[in-house]
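Below is query.csv, holding CSV, C-alpha atoms and all ligand atoms.
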```csv
chain,number,residue,atom,x,y,z
A,1211,MET,CA,-5.4,7.9,-23.5
A,1212,ILE,CA,-8.0,7.9,-20.7
A,1213,PRO,CA,-10.9,10.2,-21.5
A,1214,PHE,CA,-10.7,12.1,-18.2
A,1215,GLN,CA,-13.0,14.9,-19.3
A,1216,SER,CA,-15.9,12.6,-20.2
A,1217,LEU,CA,-15.3,10.5,-17.1
A,1218,ALA,CA,-15.5,13.6,-14.9
A,1219,GLN,CA,-18.8,14.6,-16.6
A,1220,THR,CA,-20.2,11.1,-16.4
A,1221,TYR,CA,-19.3,10.1,-12.8
A,1222,GLY,CA,-18.8,13.6,-11.3
A,1223,THR,CA,-15.9,14.8,-9.2
A,1224,PRO,CA,-14.0,14.2,-7.0
A,1225,LEU,CA,-13.3,10.9,-8.7
A,1226,TYR,CA,-10.6,8.2,-8.6
A,1227,VAL,CA,-9.8,6.6,-11.9
A,1228,TYR,CA,-7.7,3.4,-12.1
A,1229,ASP,CA,-6.0,2.2,-15.2
A,1230,PHE,CA,-6.3,-1.6,-14.8
A,1231,ASP,CA,-4.1,-2.2,-17.9
A,1232,ALA,CA,-1.3,-0.2,-16.3
A,1233,MET,CA,-1.7,-2.2,-13.0
A,1234,LYS,CA,-1.4,-5.4,-15.0
A,1235,GLU,CA,1.8,-4.2,-16.7
A,1236,GLN,CA,3.4,-3.3,-13.4
A,1237,PHE,CA,2.5,-6.7,-12.0
A,1238,GLU,CA,3.9,-8.5,-15.0
A,1239,THR,CA,7.1,-6.5,-15.0
A,1240,LEU,CA,7.9,-7.3,-11.4
A,1241,LYS,CA,6.9,-11.0,-11.8
A,1242,GLU,CA,9.2,-11.2,-14.9
A,1243,ALA,CA,12.1,-9.8,-12.8
A,1244,PHE,CA,12.0,-12.9,-10.6
A,1245,ARG,CA,11.5,-15.3,-13.5
A,1246,GLY,CA,13.1,-18.7,-13.1
A,1247,ARG,CA,12.9,-18.4,-9.3
A,1248,LYS,CA,10.1,-19.7,-7.1
A,1249,SER,CA,8.3,-16.5,-6.2
A,1250,ILE,CA,4.9,-15.1,-5.1
A,1251,LEU,CA,3.9,-11.5,-5.5
A,1252,ALA,CA,1.5,-10.8,-2.7
A,1253,TYR,CA,-0.2,-7.5,-3.4
A,1254,ALA,CA,-0.2,-5.2,-0.3
A,1255,VAL,CA,-3.9,-4.6,-0.1
A,1256,LYS,CA,-3.7,-1.4,2.0
A,1257,ALA,CA,-2.3,0.5,-1.0
A,1258,ASN,CA,-5.6,0.3,-2.7
A,1259,SER,CA,-8.2,-2.1,-1.2
A,1260,ASN,CA,-11.1,-1.7,-3.6
A,1261,LEU,CA,-12.4,-5.3,-4.1
A,1262,SER,CA,-12.3,-4.9,-7.9
A,1263,VAL,CA,-8.6,-3.9,-7.7
A,1264,ILE,CA,-7.8,-6.9,-5.6
A,1265,LYS,CA,-9.9,-9.1,-7.9
A,1266,HIS,CA,-7.9,-7.8,-10.8
A,1267,PHE,CA,-4.6,-8.8,-9.1
A,1268,ALA,CA,-6.1,-12.1,-8.2
A,1269,SER,CA,-6.8,-12.8,-11.9
A,1270,LEU,CA,-3.1,-12.2,-12.6
A,1271,GLY,CA,-2.1,-14.8,-10.0
A,1272,SER,CA,-1.3,-12.5,-7.2
A,1273,GLY,CA,-1.3,-13.2,-3.5
A,1274,ALA,CA,-2.2,-10.7,-0.9
A,1275,ASP,CA,-0.4,-9.1,2.0
A,1276,CYS,CA,-3.0,-7.9,4.6
A,1277,VAL,CA,-2.6,-5.8,7.7
A,1278,SER,CA,-6.0,-6.4,9.3
A,1279,ILE,CA,-8.6,-9.1,9.3
A,1280,GLY,CA,-10.8,-6.8,7.2
A,1281,GLU,CA,-8.1,-6.9,4.5
A,1282,VAL,CA,-7.9,-10.7,4.8
A,1283,ARG,CA,-11.6,-10.9,4.3
A,1284,ARG,CA,-11.4,-8.5,1.3
A,1285,ALA,CA,-8.6,-10.6,-0.2
A,1286,LEU,CA,-10.5,-13.9,0.2
A,1287,MET,CA,-13.7,-12.4,-1.1
A,1288,ALA,CA,-11.9,-11.0,-4.1
A,1289,GLY,CA,-10.7,-14.5,-5.0
A,1290,ILE,CA,-7.1,-14.6,-3.7
A,1291,PRO,CA,-6.6,-18.2,-2.7
A,1292,ALA,CA,-6.0,-18.6,1.1
A,1293,TYR,CA,-2.7,-20.3,0.4
A,1294,LYS,CA,-1.4,-17.0,-1.0
A,1295,VAL,CA,-2.7,-14.7,1.8
A,1296,ILE,CA,-0.4,-13.3,4.5
A,1297,PHE,CA,-1.4,-11.4,7.6
A,1298,SER,CA,1.1,-8.8,8.8
A,1299,GLY,CA,1.0,-5.9,11.3
A,1300,VAL,CA,2.2,-4.9,14.7
A,1301,GLY,CA,-1.0,-5.1,16.6
A,1302,LYS,CA,-3.2,-8.0,15.8
A,1303,ARG,CA,-6.2,-8.7,18.1
A,1304,ASP,CA,-7.1,-12.2,19.3
A,1305,ASP,CA,-10.2,-12.4,17.2
A,1306,GLU,CA,-8.1,-11.4,14.1
A,1307,ILE,CA,-5.5,-14.1,14.9
A,1308,ARG,CA,-8.3,-16.7,15.4
A,1309,GLU,CA,-9.9,-15.9,12.1
A,1310,ALA,CA,-6.6,-15.9,10.2
A,1311,ILE,CA,-5.7,-19.3,11.6
A,1312,ALA,CA,-9.2,-20.7,10.9
A,1313,SER,CA,-9.0,-19.4,7.4
A,1314,ASP,CA,-5.9,-21.4,6.8
A,1315,ILE,CA,-4.0,-18.5,5.2
A,1316,LEU,CA,-0.3,-19.0,4.1
A,1317,TYR,CA,1.1,-17.5,7.3
A,1318,ILE,CA,1.0,-14.9,9.9
A,1319,ASN,CA,3.9,-12.4,10.1
A,1320,VAL,CA,4.6,-12.2,13.8
A,1321,GLU,CA,6.0,-8.9,15.1
A,1322,SER,CA,6.8,-9.5,18.8
A,1323,GLU,CA,7.5,-12.3,21.3
A,1324,ALA,CA,4.2,-11.4,23.1
A,1325,GLU,CA,2.3,-11.9,19.8
A,1326,LEU,CA,4.0,-15.2,19.3
A,1327,GLY,CA,2.6,-16.3,22.6
A,1328,ARG,CA,-0.9,-15.2,21.7
A,1329,VAL,CA,-0.8,-17.0,18.3
A,1330,GLU,CA,0.4,-20.2,20.0
A,1331,MET,CA,-2.4,-20.0,22.6
A,1332,ILE,CA,-5.1,-19.4,20.0
A,1333,ALA,CA,-3.8,-22.1,17.7
A,1334,GLN,CA,-3.9,-24.5,20.7
A,1335,GLU,CA,-7.5,-23.4,21.4
A,1336,LEU,CA,-8.4,-24.2,17.8
A,1337,ASN,CA,-6.5,-27.5,18.0
A,1338,SER,CA,-4.5,-26.3,15.1
A,1339,LYS,CA,-0.9,-25.5,14.1
A,1340,ALA,CA,-0.4,-21.9,13.0
A,1341,ARG,CA,2.0,-21.2,10.1
A,1342,ILE,CA,4.1,-18.2,11.1
A,1343,SER,CA,6.9,-16.1,9.8
A,1344,ILE,CA,8.8,-13.6,12.0
A,1345,ARG,CA,9.3,-10.0,11.0
A,1346,VAL,CA,12.9,-9.1,11.6
A,1347,ASN,CA,13.8,-5.5,12.1
A,1348,PRO,CA,17.3,-5.3,10.6
A,1349,ASN,CA,18.0,-1.8,11.9
A,1350,ILE,CA,18.6,-0.4,8.4
A,1351,ASP,CA,17.9,3.2,7.5
A,1352,PRO,CA,15.8,3.0,4.3
A,1353,LYS,CA,16.4,6.7,3.4
A,1354,THR,CA,12.7,7.5,2.9
A,1355,HIS,CA,10.2,9.8,4.7
A,1356,PRO,CA,10.3,9.1,8.5
A,1357,TYR,CA,6.5,8.3,8.6
A,1358,ILE,CA,7.1,5.4,6.2
A,1359,SER,CA,10.4,4.1,7.5
A,1360,THR,CA,9.8,0.8,9.3
A,1361,GLY,CA,13.2,-1.0,9.5
A,1362,LEU,CA,14.9,0.9,12.2
A,1363,HIS,CA,14.9,-0.1,15.9
A,1364,ASP,CA,13.3,3.3,16.5
A,1365,ASN,CA,10.3,2.1,14.5
A,1366,LYS,CA,7.6,0.0,16.1
A,1367,PHE,CA,7.9,-2.8,13.5
A,1368,GLY,CA,9.5,-6.3,13.8
A,1369,VAL,CA,11.9,-7.8,16.3
A,1370,GLU,CA,15.7,-7.6,16.5
A,1371,ILE,CA,17.8,-10.5,15.3
A,1372,ASN,CA,18.5,-12.1,18.6
A,1373,ALA,CA,14.8,-12.0,19.6
A,1374,ALA,CA,13.9,-13.5,16.3
A,1375,LYS,CA,16.3,-16.4,16.8
A,1376,ARG,CA,14.8,-17.1,20.3
A,1377,MET,CA,11.3,-17.0,18.8
A,1378,TYR,CA,12.1,-19.4,16.0
A,1379,ILE,CA,13.5,-21.9,18.5
A,1380,ARG,CA,10.4,-21.6,20.6
A,1381,ALA,CA,8.2,-22.0,17.5
A,1382,LYS,CA,10.1,-25.0,16.3
A,1383,ASN,CA,9.5,-26.7,19.7
A,1384,SER,CA,5.8,-25.8,19.8
A,1385,GLU,CA,3.1,-28.2,18.9
A,1386,HIS,CA,1.0,-25.4,17.7
A,1387,LEU,CA,3.4,-23.3,15.7
A,1388,ASP,CA,4.9,-24.0,12.4
A,1389,PRO,CA,7.7,-21.6,11.4
A,1390,VAL,CA,7.7,-21.4,7.6
A,1391,GLY,CA,9.1,-18.0,6.7
A,1392,ILE,CA,11.2,-15.0,7.5
A,1393,HIS,CA,10.1,-11.5,6.8
A,1394,PHE,CA,11.5,-7.9,6.6
A,1395,HIS,CA,9.9,-4.7,5.3
A,1396,ILE,CA,12.1,-1.7,5.9
A,1397,GLY,CA,9.9,1.1,4.5
A,1398,SER,CA,7.9,2.4,1.7
A,1399,GLN,CA,8.7,4.6,-1.4
A,1400,LEU,CA,12.3,3.2,-1.4
A,1401,THR,CA,14.4,4.7,-4.1
A,1402,GLN,CA,17.8,3.3,-3.1
A,1403,LEU,CA,18.8,-0.3,-3.5
A,1404,GLU,CA,21.6,-0.4,-1.0
A,1405,PRO,CA,19.4,-0.5,2.2
A,1406,ILE,CA,17.2,-3.3,0.8
A,1407,TYR,CA,20.3,-5.3,-0.2
A,1408,GLU,CA,21.8,-4.8,3.3
A,1409,ALA,CA,18.6,-5.9,5.0
A,1410,ALA,CA,18.3,-8.9,2.7
A,1411,VAL,CA,21.9,-10.0,3.6
A,1412,ILE,CA,21.3,-9.7,7.3
A,1413,VAL,CA,18.0,-11.6,7.1
A,1414,ALA,CA,19.5,-14.3,4.8
A,1415,ASP,CA,22.4,-14.8,7.2
A,1416,LEU,CA,19.9,-15.3,10.0
A,1417,MET,CA,18.1,-17.8,7.8
A,1418,ARG,CA,21.3,-19.7,7.2
A,1419,SER,CA,22.1,-19.8,10.9
A,1420,LEU,CA,18.6,-21.1,11.6
A,1421,SER,CA,19.1,-23.8,9.0
A,1422,ALA,CA,22.3,-24.9,10.8
A,1423,ILE,CA,20.1,-25.7,13.9
A,1424,ASP,CA,17.6,-27.5,11.8
A,1425,ILE,CA,15.1,-24.8,11.4
A,1426,ASP,CA,14.4,-24.7,7.7
A,1427,LEU,CA,12.2,-22.0,6.4
A,1428,LYS,CA,10.6,-22.0,3.0
A,1429,PHE,CA,9.6,-18.4,2.4
A,1430,PHE,CA,12.0,-15.5,2.2
A,1431,ASP,CA,9.6,-12.5,2.5
A,1432,ILE,CA,11.2,-9.3,1.3
A,1433,GLY,CA,8.2,-7.1,2.1
A,1434,GLY,CA,7.3,-4.3,-0.3
A,1435,GLY,CA,8.5,-0.7,-0.5
A,1436,LEU,CA,9.6,-0.4,-4.1
A,1437,GLY,CA,9.4,3.3,-4.9
A,1438,VAL,CA,7.8,4.9,-7.9
A,1439,ARG,CA,8.3,8.2,-9.7
A,1440,TYR,CA,6.0,11.0,-8.5
A,1441,ASN,CA,8.1,13.8,-9.8
A,1442,ASP,CA,11.7,13.3,-10.9
A,1443,GLU,CA,12.9,10.6,-8.5
A,1444,THR,CA,15.3,8.0,-9.8
A,1445,THR,CA,13.7,4.7,-8.9
A,1446,ILE,CA,15.0,1.1,-8.5
A,1447,THR,CA,14.4,-1.0,-11.6
A,1448,PRO,CA,12.6,-4.3,-10.9
A,1449,TYR,CA,15.5,-6.1,-12.5
A,1450,ASP,CA,18.1,-4.6,-10.2
A,1451,TYR,CA,15.8,-5.2,-7.3
A,1452,ALA,CA,15.5,-8.9,-8.1
A,1453,GLN,CA,19.2,-9.2,-8.7
A,1454,ALA,CA,20.0,-7.7,-5.4
A,1455,ILE,CA,17.7,-10.1,-3.6
A,1456,LEU,CA,19.0,-13.1,-5.5
A,1457,GLY,CA,22.5,-12.0,-4.6
A,1458,ALA,CA,21.7,-11.9,-1.0
A,1459,ILE,CA,20.0,-15.3,-0.8
A,1460,LYS,CA,22.7,-17.2,-2.9
A,1461,GLY,CA,22.7,-20.8,-2.0
A,1462,LEU,CA,19.4,-20.8,-0.2
A,1463,ASP,CA,16.5,-22.8,-1.6
A,1464,VAL,CA,13.6,-20.6,-0.9
A,1465,THR,CA,10.4,-19.2,-2.3
A,1466,ILE,CA,10.7,-15.4,-2.6
A,1467,LEU,CA,7.7,-13.6,-1.4
A,1468,CYS,CA,7.4,-10.0,-2.4
A,1469,GLU,CA,4.7,-7.6,-1.1
A,1470,PRO,CA,4.4,-4.7,-3.5
A,1471,GLY,CA,1.7,-2.1,-3.0
A,1472,ARG,CA,2.6,1.3,-4.3
A,1473,PHE,CA,4.6,-0.1,-7.2
A,1474,LEU,CA,1.6,-1.8,-8.6
A,1475,THR,CA,-1.0,0.9,-8.2
A,1476,ALA,CA,0.4,4.4,-7.6
A,1477,ASN,CA,1.0,5.5,-11.2
A,1478,ALA,CA,-2.1,3.7,-12.4
A,1479,GLY,CA,-4.4,5.9,-10.5
A,1480,TYR,CA,-5.6,9.4,-11.1
A,1481,PHE,CA,-7.6,11.8,-8.9
A,1482,LEU,CA,-10.0,14.1,-10.8
A,1483,THR,CA,-11.2,17.3,-9.2
A,1484,LYS,CA,-13.0,20.3,-10.5
A,1485,VAL,CA,-12.1,23.9,-10.0
A,1486,LEU,CA,-14.6,25.8,-7.9
A,1487,TYR,CA,-12.9,29.2,-7.6
A,1488,GLU,CA,-9.7,31.1,-8.3
A,1489,LYS,CA,-8.8,33.6,-5.6
A,1490,GLN,CA,-6.0,35.9,-4.7
A,1491,ASN,CA,-5.0,36.8,-1.1
A,1492,GLY,CA,-2.6,39.7,-1.7
A,1493,GLN,CA,0.2,38.2,-3.8
A,1494,LYS,CA,-0.8,34.6,-3.1
A,1495,ARG,CA,-2.9,32.7,-5.7
A,1496,PHE,CA,-5.2,29.9,-4.7
A,1497,VAL,CA,-7.1,27.5,-6.9
A,1498,VAL,CA,-10.0,26.2,-4.8
A,1499,VAL,CA,-11.1,22.7,-5.9
A,1500,ASP,CA,-13.8,20.2,-4.9
A,1501,GLY,CA,-11.3,17.6,-3.9
A,1502,ALA,CA,-9.6,17.8,-0.5
A,1503,MET,CA,-7.3,16.3,2.1
A,1504,ASN,CA,-10.1,13.9,3.1
A,1505,ASP,CA,-9.9,12.4,-0.4
A,1506,LEU,CA,-6.2,12.5,-0.9
A,1507,ILE,CA,-4.2,13.1,2.2
A,1508,ARG,CA,-0.7,12.5,1.0
A,1509,PRO,CA,0.2,16.1,0.3
A,1510,SER,CA,-1.0,17.2,3.7
A,1511,LEU,CA,0.5,14.2,5.6
A,1512,TYR,CA,3.8,13.7,3.9
A,1513,ASN,CA,4.2,16.9,2.0
A,1514,ALA,CA,4.0,14.6,-1.0
A,1515,TYR,CA,4.3,15.8,-4.6
A,1516,HIS,CA,1.7,14.9,-7.1
A,1517,ARG,CA,1.8,16.1,-10.7
A,1518,ILE,CA,-1.2,18.1,-11.6
A,1519,GLU,CA,-2.6,18.5,-15.1
A,1520,ALA,CA,-5.1,21.1,-16.1
A,1521,LEU,CA,-7.3,19.4,-18.7
A,1522,ASP,CA,-7.8,21.1,-22.0
A,1523,LYS,CA,-6.2,24.3,-20.7
A,1524,SER,CA,-3.3,26.3,-22.0
A,1525,GLY,CA,-1.9,29.8,-21.5
A,1526,GLU,CA,0.6,31.4,-19.3
A,1527,GLU,CA,1.2,29.7,-16.0
A,1528,SER,CA,1.7,31.2,-12.6
A,1529,LEU,CA,2.3,29.6,-9.2
A,1530,ALA,CA,-0.8,28.7,-7.2
A,1531,ASP,CA,-1.7,26.6,-4.1
A,1532,VAL,CA,-4.3,24.1,-5.0
A,1533,VAL,CA,-6.6,23.8,-2.0
A,1534,GLY,CA,-9.7,22.0,-1.0
A,1535,PRO,CA,-12.9,23.0,0.9
A,1536,VAL,CA,-11.8,21.4,4.2
A,1537,CYS,CA,-11.4,23.8,7.1
A,1538,GLU,CA,-7.6,23.3,7.7
A,1539,SER,CA,-4.8,25.3,6.4
A,1540,GLY,CA,-3.1,21.9,5.8
A,1541,ASP,CA,-5.7,21.0,3.3
A,1542,PHE,CA,-3.9,21.3,0.0
A,1543,LEU,CA,-3.2,19.1,-3.0
A,1544,ALA,CA,-0.2,21.2,-4.2
A,1545,LYS,CA,1.8,24.2,-3.2
A,1546,GLU,CA,3.3,26.8,-5.5
A,1547,TYR,CA,2.3,24.8,-8.5
A,1548,PRO,CA,2.5,26.3,-12.0
A,1549,LEU,CA,-1.0,26.4,-13.5
A,1550,PRO,CA,-2.7,28.4,-16.3
A,1551,MET,CA,-5.6,30.7,-15.3
A,1552,LEU,CA,-8.5,28.4,-14.5
A,1553,GLU,CA,-12.3,28.8,-14.5
A,1554,HIS,CA,-15.2,27.2,-12.6
A,1555,ASN,CA,-15.6,23.5,-13.6
A,1556,ASP,CA,-12.2,23.1,-15.2
A,1557,VAL,CA,-10.9,19.6,-14.5
A,1558,LEU,CA,-7.6,19.0,-12.8
A,1559,VAL,CA,-6.0,15.5,-13.0
A,1560,VAL,CA,-3.9,14.7,-10.0
A,1561,HIS,CA,-1.4,12.0,-11.1
A,1562,SER,CA,0.1,9.0,-9.2
A,1563,ALA,CA,-3.0,8.8,-6.9
A,1564,GLY,CA,-3.6,5.0,-7.2
A,1565,ALA,CA,-1.8,4.1,-3.9
A,1566,TYR,CA,-2.6,5.4,-0.5
A,1567,GLY,CA,-5.2,7.7,-2.0
A,1568,PHE,CA,-8.8,6.5,-1.6
A,1569,GLY,CA,-7.8,4.1,1.1
A,1570,MET,CA,-6.5,6.9,3.4
A,1571,GLY,CA,-9.6,8.9,2.8
A,1572,SER,CA,-12.0,9.9,5.5
A,1573,ASN,CA,-15.3,11.6,6.1
A,1574,TYR,CA,-13.8,14.7,7.8
A,1575,ASN,CA,-16.1,17.7,7.4
A,1576,THR,CA,-18.9,15.3,6.6
A,1577,ARG,CA,-17.7,14.9,3.1
A,1578,GLY,CA,-18.6,11.7,1.3
A,1579,ARG,CA,-15.8,9.7,-0.1
A,1580,SER,CA,-15.2,9.9,-3.9
A,1581,ALA,CA,-16.5,7.4,-6.4
A,1582,GLU,CA,-14.0,5.0,-8.0
A,1583,VAL,CA,-13.8,4.0,-11.6
A,1584,ALA,CA,-11.9,1.2,-13.3
A,1585,TYR,CA,-10.6,1.9,-16.9
A,1586,GLU,CA,-9.7,-1.3,-18.8
A,1587,ASP,CA,-9.5,-2.1,-22.5
A,1588,GLY,CA,-10.9,1.3,-23.4
A,1589,GLN,CA,-14.0,0.8,-21.2
A,1590,ALA,CA,-14.9,2.5,-17.9
A,1591,ARG,CA,-16.9,1.0,-15.1
A,1592,LEU,CA,-17.9,2.2,-11.7
A,1593,ILE,CA,-16.3,0.1,-9.0
A,1594,ARG,CA,-17.4,2.1,-6.0
A,1595,SER,CA,-20.3,4.6,-5.7
A,1596,ARG,CA,-19.9,8.0,-4.3
A,1597,GLU,CA,-20.9,8.1,-0.7
A,1598,SER,CA,-24.1,9.9,0.0
A,1599,PHE,CA,-25.2,11.9,3.1
A,1600,ASP,CA,-27.3,8.9,4.1
A,1601,ASP,CA,-24.2,6.6,4.0
A,1602,LEU,CA,-22.4,9.0,6.3
A,1603,ILE,CA,-25.0,9.0,9.0
A,1604,ALA,CA,-26.2,5.4,8.7
A,1605,LEU,CA,-24.5,4.2,11.9
A,1606,GLU,CA,-25.4,7.2,14.1
A,1607,ARG,CA,-28.1,6.8,16.8
A,1608,GLU,CA,-30.2,8.9,19.2
A,1609,TYR,CA,-30.4,12.0,17.0
A,1610,LEU,CA,-34.1,11.9,16.5
A,1701,LIG,C1,2.7,-1.3,3.6
A,1701,LIG,C2,3.4,-2.6,3.5
A,1701,LIG,C3,3.7,-3.1,2.3
A,1701,LIG,C4,3.6,-2.4,1.0
A,1701,LIG,O1,4.4,-1.3,0.9
A,1701,LIG,P1,4.6,-0.5,-0.5
A,1701,LIG,O2,5.5,0.6,-0.2
A,1701,LIG,O3,3.2,0.1,-0.8
A,1701,LIG,O4,5.1,-1.4,-1.5
A,1701,LIG,C5,4.3,-4.4,2.2
A,1701,LIG,N1,4.5,-5.1,3.4
A,1701,LIG,C6,4.1,-4.7,4.6
A,1701,LIG,C7,4.3,-5.5,5.8
A,1701,LIG,C8,3.6,-3.4,4.7
A,1701,LIG,O5,3.2,-2.9,5.9
```

Please express what this file holds, its structure, as structure tokens.
Ligand SMILES: *Cc1c(COP(=O)(O)O)cnc(C)c1O
Amino acid sequence: MIPFQSLAQTYGTPLYVYDFDAMKEQFETLKEAFRGRKSILAYAVKANSNLSVIKHFASLGSGADCVSIGEVRRALMAGIPAYKVIFSGVGKRDDEIREAIASDILYINVESEAELGRVEMIAQELNSKARISIRVNPNIDPKTHPYISTGLHDNKFGVEINAAKRMYIRAKNSEHLDPVGIHFHIGSQLTQLEPIYEAAVIVADLMRSLSAIDIDLKFFDIGGGLGVRYNDETTITPYDYAQAILGAIKGLDVTILCEPGRFLTANAGYFLTKVLYEKQNGQKRFVVVDGAMNDLIRPSLYNAYHRIEALDKSGEESLADVVGPVCESGDFLAKEYPLPMLEHNDVLVVHSAGAYGFGMGSNYNTRGRSAEVAYEDGQARLIRSRESFDDLIALEREYL
């Protein structure tokens, strides 16, 4: 049991608390599912990019999937070996590509023909050979929220099969490109196995047809996306996930690369917030708390559900909207949520907040971002201080 009440008193609220033991358990469960096969789990850093979190995964043998050069720097700084770092994303700048090649990371996931040209040119400038993988868009509906669906031609990600083929041939014939992998990532919070399997079959077939023309790729990169339970979703078990992938790649001698983010951190994270006021507008009950959409935007952005627990409170429950101080009607952590009557300073624990929580935070309304605490082996430690007003204005000029 994590002592939420005392953590809220010690570190103040709003506060993120991460259960490092639970993160480790998730990592090991997924790793175990691929046992007996060559595989690398490359933690998708964007899910929770605190250096201590990345370092924790580094200590478990994780790689890192990064979507900006900032994330690549974080991964290397936190101790992920360069040979396990991947750089993905639809819009990489020249300077980012240059640094990625110079850092000798495992490979760059290329997402367009134009980008392949840039990578080739920059590798040539550096007198180097860039290891690449191509992100294939298999045009599969992942059956998730449209904002986090990425594997349809309507989405901006990846290239279609025929373009991928052309790009591999071009890369194979280039002195400055070394095609080593193939990649797909069809979406996030996936709870159905079928679309993943279908995508894997399509991409594995492409890999076989490339092999027939002497383009042999080593890495079969299945992206991330494994969903978690926020409420009552049925999720895909790591075992079934692994079996589906293994089924799709039958006969291929490849290293499986998996890029889990949410699966590793979501349910290991908690967002603690204190009640400021109860208020009633006509029939409508509001619980006003000190945490807001700038701390945890998932409810506002995706209408996401997060379980909320009122610490040390009991009594009859009635429905309330849990809202923050930000001046937007879209600023809520929950709608029509059953809660007991609450008082000033009662602590609410928002569950499943370890992925896409702090990282999507902002300073909107000149609110400093929350502190972050790691909880491991019965011990808590501060891994990021609360932002102060001085932090918020540090880069501004000409105001004096
Ligand atoms: C976001 C992302 C991931 C991680 O997604 P999760 O749903 O958090 O597992 C993996 N790979 C790529 C390329 C991504 O963009």

Could you produce a table of the residues of segment 1421-1462 of chain A lying within 10 Å of segment 1503-1521 of chain A, with the nearest pair of atoms per residue and their separation in Å rounded to one decimal, using all atoms listed in the file, ordered by chain and increasing residue number, as a tab-separated table?
```
residue	atom	partner	partner_atom	distance
A:Arg1439	CA	A:His1516	CA	9.8
A:Tyr1440	CA	A:His1516	CA	6.0
A:Asn1441	CA	A:Tyr1515	CA	6.7
```

key: Within-9 Å shell of (13.2, -13.7, -5.0) in input frame, all atoms listed in the file, as an MDAnalysis selection string   = chainID A and resid 1243:1245 1247:1250 1430:1432 1452:1453 1455:1456 1459 1464:1468

query = At what distance in Å, to one decimal, does atom CA of Lys1353 of chain A lie from atom CA of Leu1427 of chain A?
reply = 29.2 Å

Shortest interatomic distance to ligand LIG 1701 (chain A) - which of A:Pro1352, A:Gly1280, A:Gly1437, A:Gly1501, counting all atoms listed in the file = A:Gly1437

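Using all atoms listed in the file for every distance, the candidate list A:Gly1588, A:Asp1601, A:Ser1528, A:Val1559 yields A:Gly1588 as the residue closest to Met1211 of chain A.
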
task = Calculate how many Å separate atom CA of Ala1544 of chain A from atom CA of Val1498 of chain A, rounding to one decimal.
result =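 So the answer is 11.0 Å.
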
Quick one: everything within 9 Å of segment 1490-1495 of chain A, counting only C-alpha atoms, minus sequence neighbours fewer than 2 positions away in the same chain. Send it as a JSON list (two decimals) with C-alpha atoms, in the coordinates of the input.
```
[["chain", "number", "residue", "atom", "x", "y", "z"],
["A", 1488, "GLU", "CA", -9.70, 31.10, -8.30],
["A", 1497, "VAL", "CA", -7.10, 27.50, -6.90],
["A", 1528, "SER", "CA", 1.70, 31.20, -12.60],
["A", 1529, "LEU", "CA", 2.30, 29.60, -9.20],
["A", 1530, "ALA", "CA", -0.80, 28.70, -7.20],
["A", 1531, "ASP", "CA", -1.70, 26.60, -4.10],
["A", 1532, "VAL", "CA", -4.30, 24.10, -5.00],
["A", 1546, "GLU", "CA", 3.30, 26.80, -5.50]]
```

inquiry  = Around ligand LIG 1701 (chain A), which protein and nucleic acid residues have at least one atom no more than 10 Å from it, if we count all atoms listed in the file? List them as a PyMOL selection string.
reply    = chain A and resi 1252-1258+1274-1277+1296-1300+1319+1345+1358-1360+1367-1368+1393-1400+1431-1438+1468-1476+1565-1566

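For the pair atom CA of Ile1425 of chain A and atom CA of Lys1375 of chain A, the interatomic distance is 10.1 Å.
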
task = Up to 10 Å from (10.4, -14.6, 10.1) in the file's coordinates: name the residues, counting only C-alpha atoms, as a PyMOL selection string.
result = chain A and resi 1318-1321+1342-1347+1368-1369+1371+1374-1375+1377-1378+1389-1394+1413+1416-1417+1427+1429-1431

task = For Glu1586 of chain A, please output as a list in words all residues within 7 Å (counting all atoms listed in the file; exclusion window: fewer than 5 positions along the same chain).
result =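 So, after excluding close chain neighbours, the residues are Asp1229, Phe1230 and Asp1231 of chain A.
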